[in-house]
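J.: Have a peek at entry07.pdb (PDB, C-alpha atoms).
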```
MODEL        1
ATOM      1  CA  MET A   1      21.233  20.492  91.671
ATOM      2  CA  GLY A   2      24.105  19.374  89.484
ATOM      3  CA  ARG A   3      27.754  19.334  90.336
ATOM      4  CA  PRO A   4      29.722  22.580  90.134
ATOM      5  CA  ALA A   5      31.757  23.238  87.019
ATOM      6  CA  GLY A   6      35.285  21.918  87.273
ATOM      7  CA  TRP A   7      34.519  19.291  89.916
ATOM      8  CA  MET A   8      36.182  16.526  87.856
ATOM      9  CA  SER A   9      39.385  18.528  87.512
ATOM     10  CA  GLU A  10      39.458  19.131  91.250
ATOM     11  CA  LEU A  11      38.827  15.455  91.981
ATOM     12  CA  THR A  12      41.339  13.909  89.570
ATOM     13  CA  GLY A  13      43.652  16.737  88.593
ATOM     14  CA  ARG A  14      42.641  16.197  84.942
ATOM     15  CA  SER A  15      39.849  17.424  82.739
ATOM     16  CA  PRO A  16      36.903  15.033  82.201
ATOM     17  CA  MET A  17      37.332  12.459  79.442
ATOM     18  CA  LYS A  18      35.226  12.894  76.346
ATOM     19  CA  SER A  19      32.829  10.057  75.582
ATOM     20  CA  PRO A  20      33.985   8.170  72.492
ATOM     21  CA  GLY A  21      30.423   7.939  71.166
ATOM     22  CA  LYS A  22      29.860   6.003  67.970
ATOM     23  CA  PRO A  23      33.015   4.454  66.499
ATOM     24  CA  SER A  24      34.576   6.593  63.801
ATOM     25  CA  LEU A  25      34.758   5.605  60.177
ATOM     26  CA  ARG A  26      38.558   5.654  60.328
ATOM     27  CA  ARG A  27      38.888   1.882  59.972
ATOM     28  CA  ASP A  28      36.781   1.917  56.801
ATOM     29  CA  VAL A  29      38.731   4.870  55.409
ATOM     30  CA  GLU A  30      42.016   3.181  56.233
ATOM     31  CA  ARG A  31      40.808  -0.041  54.577
ATOM     32  CA  LEU A  32      40.084   1.961  51.402
ATOM     33  CA  PHE A  33      43.511   3.590  51.733
ATOM     34  CA  TRP A  34      45.237   0.178  51.685
ATOM     35  CA  ARG A  35      43.170  -0.884  48.695
ATOM     36  CA  GLU A  36      44.465   2.154  46.815
ATOM     37  CA  ILE A  37      48.037   1.346  47.885
ATOM     38  CA  GLY A  38      47.454  -2.122  46.414
ATOM     39  CA  ASN A  39      46.352  -0.430  43.185
ATOM     40  CA  GLY A  40      49.760   1.250  42.936
ATOM     41  CA  LEU A  41      49.170   4.717  44.387
ATOM     42  CA  THR A  42      51.674   6.386  46.691
ATOM     43  CA  SER A  43      50.636   6.835  50.321
ATOM     44  CA  GLU A  44      49.951  10.536  49.722
ATOM     45  CA  GLU A  45      47.871   9.858  46.581
ATOM     46  CA  ALA A  46      45.946   7.054  48.291
ATOM     47  CA  ALA A  47      45.163   9.262  51.280
ATOM     48  CA  ILE A  48      43.813  12.063  49.111
ATOM     49  CA  THR A  49      41.762   9.570  47.065
ATOM     50  CA  VAL A  50      39.964   8.304  50.194
ATOM     51  CA  GLY A  51      39.488  11.771  51.714
ATOM     52  CA  ALA A  52      42.286  11.701  54.292
ATOM     53  CA  SER A  53      45.201  14.083  54.584
ATOM     54  CA  GLN A  54      48.565  13.355  52.986
ATOM     55  CA  ALA A  55      50.086  13.372  56.481
ATOM     56  CA  ALA A  56      47.641  10.682  57.668
ATOM     57  CA  GLY A  57      48.459   8.516  54.651
ATOM     58  CA  SER A  58      52.191   8.838  55.246
ATOM     59  CA  ARG A  59      51.728   8.045  58.937
ATOM     60  CA  TRP A  60      49.545   4.948  58.267
ATOM     61  CA  PHE A  61      52.093   3.654  55.767
ATOM     62  CA  ARG A  62      55.094   4.332  58.015
ATOM     63  CA  GLU A  63      53.512   2.980  61.235
ATOM     64  CA  ARG A  64      52.550  -0.287  59.548
ATOM     65  CA  GLY A  65      55.785  -0.786  57.683
ATOM     66  CA  GLY A  66      54.030  -0.540  54.341
ATOM     67  CA  MET A  67      51.636  -3.405  55.155
ATOM     68  CA  PRO A  68      47.987  -3.251  56.264
ATOM     69  CA  THR A  69      47.494  -4.691  59.757
ATOM     70  CA  PHE A  70      43.930  -5.793  59.097
ATOM     71  CA  LEU A  71      41.945  -7.221  56.214
ATOM     72  CA  ARG A  72      41.657  -5.016  53.152
ATOM     73  CA  VAL A  73      38.192  -6.389  52.448
ATOM     74  CA  PRO A  74      35.290  -5.926  54.852
ATOM     75  CA  VAL A  75      34.267  -8.866  57.022
ATOM     76  CA  SER A  76      31.454 -10.920  55.482
ATOM     77  CA  GLY A  77      27.871 -10.631  56.668
ATOM     78  CA  ARG A  78      28.331 -13.946  58.438
ATOM     79  CA  TYR A  79      29.519 -12.157  61.569
ATOM     80  CA  LEU A  80      27.600  -9.650  63.636
ATOM     81  CA  SER A  81      28.941  -6.129  63.322
ATOM     82  CA  PHE A  82      29.680  -3.902  66.299
ATOM     83  CA  GLU A  83      26.570  -1.861  65.473
ATOM     84  CA  GLU A  84      24.411  -5.013  65.391
ATOM     85  CA  ARG A  85      25.765  -6.128  68.764
ATOM     86  CA  GLU A  86      24.967  -2.713  70.229
ATOM     87  CA  GLU A  87      21.459  -2.817  68.751
ATOM     88  CA  ILE A  88      20.871  -6.302  70.206
ATOM     89  CA  ALA A  89      21.931  -5.081  73.645
ATOM     90  CA  LEU A  90      19.721  -1.989  73.444
ATOM     91  CA  LEU A  91      16.672  -3.895  72.237
ATOM     92  CA  ARG A  92      17.158  -6.604  74.858
ATOM     93  CA  ALA A  93      17.386  -3.939  77.573
ATOM     94  CA  GLN A  94      13.960  -2.759  76.348
ATOM     95  CA  ASP A  95      12.622  -6.333  76.848
ATOM     96  CA  THR A  96      12.307  -6.936  73.098
ATOM     97  CA  GLY A  97      12.040 -10.638  72.297
ATOM     98  CA  VAL A  98      14.680 -12.642  70.449
ATOM     99  CA  ARG A  99      12.446 -13.203  67.392
ATOM    100  CA  GLU A 100      11.550  -9.515  67.148
ATOM    101  CA  ILE A 101      15.216  -8.490  67.417
ATOM    102  CA  GLY A 102      16.023 -10.991  64.664
ATOM    103  CA  ARG A 103      13.288  -9.538  62.441
ATOM    104  CA  ARG A 104      14.494  -5.976  62.960
ATOM    105  CA  LEU A 105      18.110  -6.869  62.160
ATOM    106  CA  GLY A 106      17.364  -9.336  59.378
ATOM    107  CA  ARG A 107      19.061 -12.128  61.350
ATOM    108  CA  HIS A 108      17.914 -15.599  62.368
ATOM    109  CA  PRO A 109      16.588 -15.769  65.961
ATOM    110  CA  SER A 110      19.197 -18.413  66.814
ATOM    111  CA  THR A 111      21.951 -15.913  65.939
ATOM    112  CA  ILE A 112      20.425 -13.398  68.353
ATOM    113  CA  SER A 113      19.966 -16.021  71.056
ATOM    114  CA  ARG A 114      23.556 -17.208  70.683
ATOM    115  CA  GLU A 115      24.849 -13.631  70.964
ATOM    116  CA  LEU A 116      22.809 -13.052  74.115
ATOM    117  CA  ARG A 117      24.023 -16.317  75.679
ATOM    118  CA  ARG A 118      27.655 -15.490  74.959
ATOM    119  CA  ASN A 119      27.346 -12.115  76.627
ATOM    120  CA  ALA A 120      25.004 -13.017  79.484
ATOM    121  CA  ALA A 121      25.973 -12.149  83.020
ATOM    122  CA  THR A 122      26.952 -15.319  84.813
ATOM    123  CA  ARG A 123      26.379 -16.470  88.357
ATOM    124  CA  GLY A 124      28.203 -19.554  89.470
ATOM    125  CA  GLY A 125      29.155 -20.437  85.899
ATOM    126  CA  ARG A 126      25.559 -20.466  84.667
ATOM    127  CA  ALA A 127      23.737 -17.808  82.704
ATOM    128  CA  ASP A 128      21.534 -15.569  84.804
ATOM    129  CA  SER A 129      18.067 -16.119  83.358
ATOM    130  CA  LYS A 130      17.114 -12.545  84.265
ATOM    131  CA  SER A 131      19.773 -11.157  81.935
ATOM    132  CA  TRP A 132      18.074 -12.649  78.847
TER     133      TRP A 132
ENDMDL
END
```
Would you mind writing the file out in structure tokens?

T.:
Amino acid sequence: MGRPAGWMSELTGRSPMKSPGKPSLRRDVERLFWREIGNGLTSEEAAITVGASQAAGSRWFRERGGMPTFLRVPVSGRYLSFEEREEIALLRAQDTGVREIGRRLGRHPSTISRELRRNAATRGGRADSKSW
């Protein structure tokens, strides 16, 4: 049987935290917002153009002092994205080989191997061979 409803509230005094799930598209929307600011739109106009509320646009502009805090252009394909890193971890957990993971992601096997080495569990300063 499962736990009774409300057990987390009783245990911690707070309601259970919601799982964040997949990262939101906010960063991409905000990047587009700053591009529109660079094109000369007001914060309200830029927000509406990218599908955000006027209030969100005003808040982004005010909180960042009128300057974007991250790159206005997306990172190049040279670096693995968060989604690719998650996919590598999931496939590796399913005992998928490095070459197969590379094929599925369109990446060189050495890129996959390097990512796995960097994130391997360590024991005594050496990579645990069972982790990859």

J.: Residues within 10 Å of range 34-46 of chain A, please, as a PyMOL selection string. Count only C-alpha atoms; anything in the same chain fewer than 4 positions from it doesn't count.

T.: chain A and resi 29-30+50-62+66-73

J.: Counting all atoms listed in the file, figure out which residue out of A:Arg78, A:Ile48, A:Ile88, A:Arg26 gets nearest to Gly102 in chain A.

T.: A:Ile88

J.: Within 9 Å of Leu80 in chain A, counting only C-alpha atoms, which residues qualify if same-chain residues fewer than 3 places away don't, as a ChimeraX atom specification?

T.: /A:77,83-85,111,115

J.: Could you state the separation of CA of Asn119 in chain A and CA of Leu105 in chain A in Å, given to one decimal place?

T.: 17.9 Å

J.: Could you work out how far CA of Thr49 in chain A lies from CA of Phe82 in chain A, giving the answer in Å with one decimal?

T.: 26.4 Å

J.: Calculate how many Å separate CA of Gly65 in chain A from CA of Asp28 in chain A, rounding to one decimal.

T.: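 So the two atoms, CA of Gly65 in chain A and CA of Asp28 in chain A, lie 19.2 Å apart.
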
J.: Give the answer as one residue: which of A:Ala120, A:Leu32, A:Ala47, A:Ile112 has the shortest atom-to-atom distance to Arg99 in chain A, using all atoms listed in the file?

T.: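 Answer, going by the shortest atom-to-atom distance: A:Ile112.
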
J.: Do a neighbour search on Val98 in chain A at 9 Å with only C-alpha atoms, toss out local chain neighbours closer than 3 positions, and write the hits as a PyMOL selection string.

T.: chain A and resi 88+92+101-103+109-110+112-113+116
